[in-house]
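Worksheet for the structure shown next.
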Amino acid sequence: MSGAPVAAETVESERLLLGLNPAQVEAVTAPDQPVLVLAGAGSGKTRVLTHRIAYLIATERAREDSVLAVTFTNKAAREMRSRLAALLGGEPRGMWLGTFHACSARMLRLRGELGGVPRDFVIYDEADRVSVIKEAMRRGGVEEKRTSAATVAAEISRAKNDLQDALLYGARAQGYVEVQVARVFPHYQLILEENRALDFDDLLLRAVQLLENSEEARQGFRRRFGHVLVDEYQDTNRAQYMLLRLLVEEHHRVTVVGDPDQSVYSWRGADIRNILEFQRDYPDALVIPLEQNYRSTAAILRAAGAVIQENSLRVEKSLWTDGPEGSPVTVAQFYDEREEATAVAREIMALVERGEAELGEVAVLYRTNAQSRSFEEVLLRAGIPYRLVGGVRFYQRKEVKDVLAYLRLLVYHQDRVAFERVVNVPRRGVGAQSLQQLVAASQELRVPFWELLSDPASAGVRGQAAAGMARFASTLEEVYEWGLSWPLVQVFDRLVEATGYRGFTRDGSPEGEERWANVMELRGLAAEQGDLPMAEALPAFLEQVALAGDGDQMEDGARAVTLITLHQVKGLEFPVVFVSGVEEGLLPHSRSLDTVAEMEEERRLLYVGMTRAKRLLYLSHCFQRHLYGSPKVAVPSRFLAALGSGGAVARWGTAPDRGGARPYVAPVASHGQPAPLMRARQFIDERAAAPGRSVPTEARFRAGDRVEHARFGKGSIALSEMTSGGEEVVIDFDTSGRRRFAVTDAVLRKLG
DNA sequence: AGGAACAGTTTTTTT
DNA sequence: AACTGTTCCT
């Protein structure tokens, strides 16, 4: 009788090891002790993590609800959850699986009062925080002209991630900037407190303080989490590191997975030493390197390895594959970012036409978000579908932030940042003057500002401003009262209507419709709260939104090219990868030239980008690039030197094609020295001499020709004419009407 | 109060 | 180039 379940359980756990290599098996089955998995790019780290969790459960060393699994992004958390669900045969129940920030927020909601954190705190995002910083600078008498709000914000963030609160920071402040910041910091905290708000960094800091200071909370969470697992451990900062230590100090059942070569978040306080010194922190640790790569071709791995090998601060580790050699890595130069984008778009379409790739398999990577622009313009014109990850993020759009501010005010009356944001949107005749008056009166009378709103006269506010405030207050109250018993979506609709926000946003312009579409998208997210009454649904919704961030809302697998930053692409993979702008000043970034550590992080960033590629990898740089609107000469990145001529092949010019490929040694600036202008001239000349440069003078199409367009499908040429820029055509599409294109940009195929 | 015109600044990466 | 804040005018 007792044999059967044991056998079943054995079979079950054995099944979890199928198809794993020896190192992976070792990591998955490792006993209850600290485990450090040094997982190279593409070595199956998520697999190891999820299988280990499932294995712990299958062998009854852990229960689903005693596991804490922490990731850095929501996306990674979701990925892990769904893969776990597949392994466990259902959604994990009671497991804590989320980002550091989400898990910390959850701890604070549960037990925060033990550490003096109000139960109903609001989470402030970057924009909210900047406006608080500015207010704090005014109060602290620090001029924005001398110390920018951004500097102060970054410094405070750094301090908190380093577990310094205002008091500690003030005591240690040294030098001009720190002293200035020390004058702002206490005011900043005070304002947050007045608004019952925590910023992102507070979530971590306060969670650590909670565990440190409250025996009850500490014991509670330690008992709760019998096993703790962490993804991307190389990116942990001091606060996150301490949080972990506090949680696992007694039982040491902690598994961390990471790759020092992919540590690219030091600017956010990540400390690579956390992973490098794991064995010192946990002397009984088991260290398991995963070096077999299942993602990339040998050619790509060799190139990436050559780049990363130049770093001095690393744990020696070399990836290998038993897969095919694959095509050589391509290094290419173009005239400027426009041509770079055009060439990339053409190459993408060439690959698609030859059946070598689908649009959804291609990613274009770049260092800075600003670079996405040229690609967007070209892809848009060419009608190639793309998805932009990050960029002007959904939650940062004005209209989305406005509506969220309204929603926040419904539950958190004390949220002055939200109030100031929307009290006069749409216009209600409330200006800076009357706002100041309101705040002053609120302090003088010791009455919270929101209680003065319904009777602004008592605060000394007069005229249309008073009327506007009163109207604002009564509208919100009305919606709130009415909404208490309704689902969130209904409240949402009523809110945008009653406040006049809908009419304000949809002003009849196309941009207005675009804005409204965003508001409606937000509404769709609110609708996910279902039929829960607003009182429950709204705080949950706001929390979800506050912690969401990045390109979370983007659906994967679309049949579209992906545009994404090198930071955001970490953890993803694509059959075809273009890394653009591999230039001095961009990669390495001009702000990272000061120290070796910064420089090496930049190199890791390129390494991360290169190792995303499965089959084809292109690295491109330009001769010239626009910065702040004006053109600047660009120099190939020093990182390209590592590639030498060993198998790397360049394609020159605007329209690279396989026939025109020729061997190429990347010209590289000696350390820190921009290449002389002579070098630049030579580039231009070579460019001019390169094939595919001249503007075609003969029309490819005639009226009546049948063509197929990458995006719009089949159609007939209605008109073709030659302009100074080349051929332009007007096409009547079978399904989508008439459109005009420049042939050089549009991706057209002649039919028949 | 609110708009227009102007000046100055910015762009590294994100939970 | 795009965005912010300031100043001046209505």
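Lettering and numbering for the structure tokens are positional, with chains as A, B, ... in the shown order, residues counted from 1 in each chain, and ligands counted from 1 in the shown order.
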
### Task
Pick out the residues sitting within 8 Å of region 286-288 of chain A, and hand them over as an NGL selection string; count only C-alpha atoms (C1' of nucleotides), and ignore anything fewer than 4 positions along from it in its own chain.
:A and (23 or 26-27 or 33-38)

Wanna dump the chain B-chain A contacts at 10 Å for me, each residue with its shortest atom pair and the distance in Å to one decimal, counting only C-alpha atoms (C1' of nucleotides), ordered by chain and number, as JSON lines?
{"residue": "B:DA1", "atom": "C1'", "partner": "A:Gly429", "partner_atom": "CA", "distance": 6.2}
{"residue": "B:DG2", "atom": "C1'", "partner": "A:Gly429", "partner_atom": "CA", "distance": 8.7}
{"residue": "B:DT10", "atom": "C1'", "partner": "A:Tyr628", "partner_atom": "CA", "distance": 7.7}
{"residue": "B:DT11", "atom": "C1'", "partner": "A:Ala370", "partner_atom": "CA", "distance": 7.2}
{"residue": "B:DT12", "atom": "C1'", "partner": "A:Thr368", "partner_atom": "CA", "distance": 5.9}
{"residue": "B:DT13", "atom": "C1'", "partner": "A:His567", "partner_atom": "CA", "distance": 6.0}
{"residue": "B:DT14", "atom": "C1'", "partner": "A:Asp550", "partner_atom": "CA", "distance": 7.4}
{"residue": "B:DT15", "atom": "C1'", "partner": "A:His101", "partner_atom": "CA", "distance": 6.3}

### Non-local contacts of DC9 (chain C) (12 Å; only C-alpha atoms (C1' of nucleotides); under 6 positions in same chain excluded) as number ranges by chain
B: 2-5

What does the file look like for those residues with N, CA and C atoms (P, O5', C5', C4', C3', O3' and C1' of nucleotides), as an mmCIF file, in the first residue's frame?
data_model
loop_
_atom_site.group_PDB
_atom_site.id
_atom_site.type_symbol
_atom_site.label_atom_id
_atom_site.label_comp_id
_atom_site.auth_asym_id
_atom_site.auth_seq_id
_atom_site.Cartn_x
_atom_site.Cartn_y
_atom_site.Cartn_z
ATOM 1 P P DG B 2 -6.809 78.542 -15.964
ATOM 2 O "O5'" DG B 2 -6.159 79.140 -17.281
ATOM 3 C "C5'" DG B 2 -6.994 79.824 -18.201
ATOM 4 C "C4'" DG B 2 -6.175 80.293 -19.356
ATOM 5 C "C3'" DG B 2 -5.239 79.210 -19.935
ATOM 6 O "O3'" DG B 2 -5.298 79.286 -21.338
ATOM 7 C "C1'" DG B 2 -4.013 81.115 -19.464
ATOM 8 P P DG B 3 -5.013 78.017 -22.188
ATOM 9 O "O5'" DG B 3 -4.292 78.641 -23.449
ATOM 10 C "C5'" DG B 3 -4.843 79.807 -24.066
ATOM 11 C "C4'" DG B 3 -3.705 80.679 -24.544
ATOM 12 C "C3'" DG B 3 -2.634 79.908 -25.320
ATOM 13 O "O3'" DG B 3 -2.589 80.381 -26.659
ATOM 14 C "C1'" DG B 3 -1.674 81.391 -23.720
ATOM 15 P P DA B 4 -1.716 79.648 -27.707
ATOM 16 O "O5'" DA B 4 -0.616 80.755 -28.043
ATOM 17 C "C5'" DA B 4 -0.962 82.141 -28.030
ATOM 18 C "C4'" DA B 4 0.315 82.955 -28.152
ATOM 19 C "C3'" DA B 4 1.367 82.297 -29.038
ATOM 20 O "O3'" DA B 4 2.038 83.307 -29.796
ATOM 21 C "C1'" DA B 4 2.224 82.555 -26.833
ATOM 22 P P DA B 5 3.044 82.907 -30.913
ATOM 23 O "O5'" DA B 5 4.419 83.392 -30.273
ATOM 24 C "C5'" DA B 5 4.492 84.671 -29.646
ATOM 25 C "C4'" DA B 5 5.803 84.752 -28.886
ATOM 26 C "C3'" DA B 5 6.986 84.143 -29.636
ATOM 27 O "O3'" DA B 5 8.094 85.028 -29.540
ATOM 28 C "C1'" DA B 5 6.817 83.196 -27.478
#

### Message
Show me, as JSON, numbers by chain, every residue of chain A with an atom at most 12 Å from chain C, counting only C-alpha atoms (C1' of nucleotides).
### Response
{"A": [144, 145, 370, 373, 626, 627, 628, 629, 630, 631]}

### Query
Among region 438-654 of chain A, which ones does DSSP place in helix (DSSP H, G or I), written as an NGL selection string?
:A and (438-445 or 449-452 or 456-459 or 463-483 or 488-498 or 501-505 or 510-527 or 534-548 or 550-553 or 590-592 or 596-610 or 638-643)

Dump C-alpha atoms for the selected residues as a CSV table (one decimal), in the first residue's frame?
chain,number,residue,atom,x,y,z
A,438,LEU,CA,-5.0,76.2,-0.5
A,439,VAL,CA,-1.9,74.5,0.7
A,440,ALA,CA,-1.0,77.4,2.9
A,441,ALA,CA,-4.4,77.5,4.4
A,442,SER,CA,-4.3,73.8,5.0
A,443,GLN,CA,-1.1,74.1,7.0
A,444,GLU,CA,-2.3,77.1,8.9
A,445,LEU,CA,-5.7,75.7,9.8
A,449,PHE,CA,-6.2,70.0,2.0
A,450,TRP,CA,-8.9,67.7,0.6
A,451,GLU,CA,-11.3,68.7,3.3
A,452,LEU,CA,-11.0,72.3,2.3
A,456,PRO,CA,-12.6,76.8,-0.9
A,457,ALA,CA,-13.8,80.1,0.5
A,458,SER,CA,-12.8,79.0,4.0
A,459,ALA,CA,-9.3,78.6,2.6
A,463,GLY,CA,-13.5,83.5,-7.8
A,464,GLN,CA,-13.4,81.0,-10.6
A,465,ALA,CA,-10.7,79.1,-8.9
A,466,ALA,CA,-12.9,78.5,-5.9
A,467,ALA,CA,-15.8,77.4,-8.1
A,468,GLY,CA,-13.5,75.1,-10.0
A,469,MET,CA,-12.2,73.4,-6.9
A,470,ALA,CA,-15.6,72.9,-5.4
A,471,ARG,CA,-16.8,71.5,-8.7
A,472,PHE,CA,-13.8,69.2,-8.8
A,473,ALA,CA,-14.4,68.0,-5.2
A,474,SER,CA,-18.1,67.4,-5.7
A,475,THR,CA,-17.6,65.5,-8.9
A,476,LEU,CA,-15.1,63.2,-7.3
A,477,GLU,CA,-17.3,62.7,-4.3
A,478,GLU,CA,-20.3,62.0,-6.4
A,479,VAL,CA,-18.4,59.4,-8.5
A,480,TYR,CA,-17.0,57.8,-5.4
A,481,GLU,CA,-20.4,57.5,-3.6
A,482,TRP,CA,-22.1,56.3,-6.7
A,483,GLY,CA,-19.3,53.9,-7.5
A,488,LEU,CA,-14.4,49.3,-11.5
A,489,VAL,CA,-15.1,49.6,-15.2
A,490,GLN,CA,-18.4,51.4,-14.6
A,491,VAL,CA,-16.7,53.8,-12.2
A,492,PHE,CA,-14.0,54.3,-14.8
A,493,ASP,CA,-16.6,55.3,-17.4
A,494,ARG,CA,-18.5,57.5,-15.1
A,495,LEU,CA,-15.3,59.2,-14.0
A,496,VAL,CA,-14.0,60.2,-17.4
A,497,GLU,CA,-17.4,61.4,-18.3
A,498,ALA,CA,-18.3,63.4,-15.1
A,501,TYR,CA,-11.9,64.2,-19.3
A,502,ARG,CA,-13.4,62.4,-22.2
A,503,GLY,CA,-14.5,65.5,-24.0
A,504,PHE,CA,-11.2,67.1,-23.2
A,505,THR,CA,-9.2,64.2,-24.6
A,510,PRO,CA,-6.4,62.4,-34.8
A,511,GLU,CA,-4.1,62.8,-31.8
A,512,GLY,CA,-7.1,63.1,-29.6
A,513,GLU,CA,-8.4,59.8,-30.9
A,514,GLU,CA,-5.0,58.3,-30.2
A,515,ARG,CA,-5.1,59.6,-26.7
A,516,TRP,CA,-8.6,58.3,-26.2
A,517,ALA,CA,-7.5,54.9,-27.5
A,518,ASN,CA,-4.9,54.8,-24.8
A,519,VAL,CA,-7.5,55.7,-22.2
A,520,MET,CA,-9.6,52.9,-23.5
A,521,GLU,CA,-6.7,50.5,-23.3
A,522,LEU,CA,-6.4,51.5,-19.6
A,523,ARG,CA,-10.1,50.8,-19.3
A,524,GLY,CA,-9.5,47.4,-20.7
A,525,LEU,CA,-7.0,46.7,-18.0
A,526,ALA,CA,-9.4,48.0,-15.3
A,527,ALA,CA,-12.0,45.7,-16.7
A,534,MET,CA,-14.7,49.3,-6.6
A,535,ALA,CA,-13.6,49.5,-3.0
A,536,GLU,CA,-11.6,46.2,-3.5
A,537,ALA,CA,-10.9,46.4,-7.2
A,538,LEU,CA,-9.4,49.9,-7.3
A,539,PRO,CA,-6.6,49.5,-4.8
A,540,ALA,CA,-5.7,46.2,-6.4
A,541,PHE,CA,-5.7,47.7,-9.8
A,542,LEU,CA,-3.6,50.7,-8.8
A,543,GLU,CA,-1.1,48.4,-7.2
A,544,GLN,CA,-0.8,46.3,-10.2
A,545,VAL,CA,-0.4,49.3,-12.4
A,546,ALA,CA,2.2,50.9,-10.2
A,547,LEU,CA,4.4,47.8,-10.2
A,548,ALA,CA,3.9,46.9,-13.8
A,550,ASP,CA,8.1,48.1,-18.8
A,551,GLY,CA,6.8,46.7,-22.0
A,552,ASP,CA,4.5,44.4,-20.0
A,553,GLN,CA,1.4,45.2,-21.9
A,590,SER,CA,29.6,58.6,-23.4
A,591,ARG,CA,28.6,58.6,-19.7
A,592,SER,CA,30.4,55.4,-19.1
A,596,VAL,CA,37.0,50.6,-16.0
A,597,ALA,CA,33.9,49.2,-14.2
A,598,GLU,CA,31.6,51.3,-16.3
A,599,MET,CA,33.4,50.4,-19.4
A,600,GLU,CA,33.1,46.7,-18.6
A,601,GLU,CA,29.5,47.0,-18.0
A,602,GLU,CA,29.1,48.5,-21.4
A,603,ARG,CA,30.9,45.6,-22.9
A,604,ARG,CA,28.6,43.2,-21.0
A,605,LEU,CA,25.7,45.0,-22.6
A,606,LEU,CA,27.0,44.3,-26.0
A,607,TYR,CA,27.6,40.7,-24.9
A,608,VAL,CA,24.0,40.4,-23.7
A,609,GLY,CA,22.8,41.7,-27.1
A,610,MET,CA,25.0,39.4,-29.1
A,638,ARG,CA,36.3,49.8,-29.5
A,639,PHE,CA,34.4,46.6,-28.6
A,640,LEU,CA,34.5,45.6,-32.3
A,641,ALA,CA,38.2,45.2,-32.1
A,642,ALA,CA,37.8,41.9,-30.4
A,643,LEU,CA,36.1,40.5,-33.5

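Between CA of Arg302 (chain A) and CA of Phe375 (chain A) the interatomic distance comes to 28.2 Å.
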
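Within region 157-232 of chain A, DSSP applied to the backbone places the following residues in strand (DSSP E): Ala197, Leu198, Asp199, His227, Val228, Leu229 and Val230 of chain A.
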
Selection above as a file: all heavy atoms, as a PDB file, in the first residue's frame:
ATOM      1  N   ALA A 197       2.791  57.963   0.902  1.00  0.00           N
ATOM      2  CA  ALA A 197       3.332  57.356  -0.317  1.00  0.00           C
ATOM      3  C   ALA A 197       4.706  56.733  -0.076  1.00  0.00           C
ATOM      4  O   ALA A 197       5.464  57.186   0.778  1.00  0.00           O
ATOM      5  CB  ALA A 197       3.448  58.426  -1.405  1.00  0.00           C
ATOM      6  N   LEU A 198       4.982  55.679  -0.791  1.00  0.00           N
ATOM      7  CA  LEU A 198       6.317  55.086  -0.831  1.00  0.00           C
ATOM      8  C   LEU A 198       6.806  55.149  -2.274  1.00  0.00           C
ATOM      9  O   LEU A 198       6.027  54.945  -3.196  1.00  0.00           O
ATOM     10  CB  LEU A 198       6.294  53.618  -0.403  1.00  0.00           C
ATOM     11  CG  LEU A 198       5.800  53.229   0.992  1.00  0.00           C
ATOM     12  CD1 LEU A 198       6.104  51.762   1.259  1.00  0.00           C
ATOM     13  CD2 LEU A 198       6.432  54.091   2.069  1.00  0.00           C
ATOM     14  N   ASP A 199       8.095  55.428  -2.453  1.00  0.00           N
ATOM     15  CA  ASP A 199       8.628  55.324  -3.813  1.00  0.00           C
ATOM     16  C   ASP A 199       9.145  53.895  -4.017  1.00  0.00           C
ATOM     17  O   ASP A 199       9.122  53.085  -3.095  1.00  0.00           O
ATOM     18  CB  ASP A 199       9.699  56.387  -4.080  1.00  0.00           C
ATOM     19  CG  ASP A 199      10.946  56.208  -3.222  1.00  0.00           C
ATOM     20  OD1 ASP A 199      11.177  55.093  -2.716  1.00  0.00           O
ATOM     21  OD2 ASP A 199      11.685  57.205  -3.058  1.00  0.00           O
ATOM     22  N   HIS A 227      11.692  27.850   1.223  1.00  0.00           N
ATOM     23  CA  HIS A 227      12.675  27.861   0.154  1.00  0.00           C
ATOM     24  C   HIS A 227      12.595  29.187  -0.592  1.00  0.00           C
ATOM     25  O   HIS A 227      11.510  29.627  -0.935  1.00  0.00           O
ATOM     26  CB  HIS A 227      12.419  26.729  -0.857  1.00  0.00           C
ATOM     27  CG  HIS A 227      12.886  25.399  -0.358  1.00  0.00           C
ATOM     28  ND1 HIS A 227      12.099  24.579   0.411  1.00  0.00           N
ATOM     29  CD2 HIS A 227      14.072  24.749  -0.517  1.00  0.00           C
ATOM     30  CE1 HIS A 227      12.781  23.474   0.698  1.00  0.00           C
ATOM     31  NE2 HIS A 227      13.974  23.551   0.157  1.00  0.00           N
ATOM     32  N   VAL A 228      13.740  29.770  -0.810  1.00  0.00           N
ATOM     33  CA  VAL A 228      13.782  31.035  -1.533  1.00  0.00           C
ATOM     34  C   VAL A 228      14.659  30.867  -2.772  1.00  0.00           C
ATOM     35  O   VAL A 228      15.774  30.337  -2.688  1.00  0.00           O
ATOM     36  CB  VAL A 228      14.345  32.169  -0.641  1.00  0.00           C
ATOM     37  CG1 VAL A 228      14.402  33.468  -1.417  1.00  0.00           C
ATOM     38  CG2 VAL A 228      13.488  32.320   0.602  1.00  0.00           C
ATOM     39  N   LEU A 229      14.129  31.279  -3.919  1.00  0.00           N
ATOM     40  CA  LEU A 229      14.890  31.178  -5.170  1.00  0.00           C
ATOM     41  C   LEU A 229      14.928  32.528  -5.865  1.00  0.00           C
ATOM     42  O   LEU A 229      13.921  33.245  -5.882  1.00  0.00           O
ATOM     43  CB  LEU A 229      14.258  30.132  -6.089  1.00  0.00           C
ATOM     44  CG  LEU A 229      14.183  28.718  -5.492  1.00  0.00           C
ATOM     45  CD1 LEU A 229      12.811  28.464  -4.874  1.00  0.00           C
ATOM     46  CD2 LEU A 229      14.515  27.681  -6.538  1.00  0.00           C
ATOM     47  N   VAL A 230      16.073  32.870  -6.416  1.00  0.00           N
ATOM     48  CA  VAL A 230      16.237  34.189  -7.021  1.00  0.00           C
ATOM     49  C   VAL A 230      16.813  34.087  -8.426  1.00  0.00           C
ATOM     50  O   VAL A 230      17.807  33.406  -8.650  1.00  0.00           O
ATOM     51  CB  VAL A 230      17.186  35.076  -6.180  1.00  0.00           C
ATOM     52  CG1 VAL A 230      17.199  36.493  -6.727  1.00  0.00           C
ATOM     53  CG2 VAL A 230      16.759  35.070  -4.732  1.00  0.00           C
TER      54      VAL A 230
END

### Query
Between A:Phe741, A:Phe574, A:Phe185, A:Tyr233, which one has atoms that come closest to Val70 (chain A), using only C-alpha atoms?
A:Tyr233

### Message
Give me, as an MDAnalysis selection string, all polymer residues having an atom no more than 8 Å from region 348-351 of chain A, counting only C-alpha atoms (C1' of nucleotides) and skipping those fewer than 5 positions away in the same chain.
### Response
chainID A and resid 356:359 362 747

File dump, residues just selected, N, CA, C and O atoms, as a short mmCIF file (atom, residue, chain, number, x, y, z; two decimals), in the first residue's frame:
data_model
loop_
_atom_site.label_atom_id
_atom_site.label_comp_id
_atom_site.auth_asym_id
_atom_site.auth_seq_id
_atom_site.Cartn_x
_atom_site.Cartn_y
_atom_site.Cartn_z
N GLU A 356 14.14 32.81 -44.98
CA GLU A 356 15.11 32.51 -43.93
C GLU A 356 14.65 32.93 -42.55
O GLU A 356 15.20 32.53 -41.54
N ALA A 357 13.65 33.81 -42.51
CA ALA A 357 13.15 34.26 -41.22
C ALA A 357 11.76 34.84 -41.38
O ALA A 357 11.36 35.23 -42.48
N GLU A 358 11.04 34.88 -40.27
CA GLU A 358 9.77 35.58 -40.27
C GLU A 358 9.93 36.87 -39.49
O GLU A 358 10.84 36.99 -38.68
N LEU A 359 9.05 37.80 -39.73
CA LEU A 359 9.17 39.10 -39.06
C LEU A 359 9.24 38.95 -37.54
O LEU A 359 10.00 39.64 -36.87
N VAL A 362 12.66 38.47 -35.71
CA VAL A 362 13.71 39.47 -35.84
C VAL A 362 13.63 40.52 -34.73
O VAL A 362 12.54 41.00 -34.42
N VAL A 747 8.45 47.86 -49.27
CA VAL A 747 8.94 46.54 -49.59
C VAL A 747 7.94 45.90 -50.54
O VAL A 747 6.87 45.46 -50.16
#

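Closest approach to Pro328 (chain A) among A:Leu246, A:Ala304, A:Val122, A:Val179: A:Ala304, based on only C-alpha atoms.
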
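Coordinates place CA of Tyr55 (chain A) at a distance of 6.9 Å from CA of Val28 (chain A).
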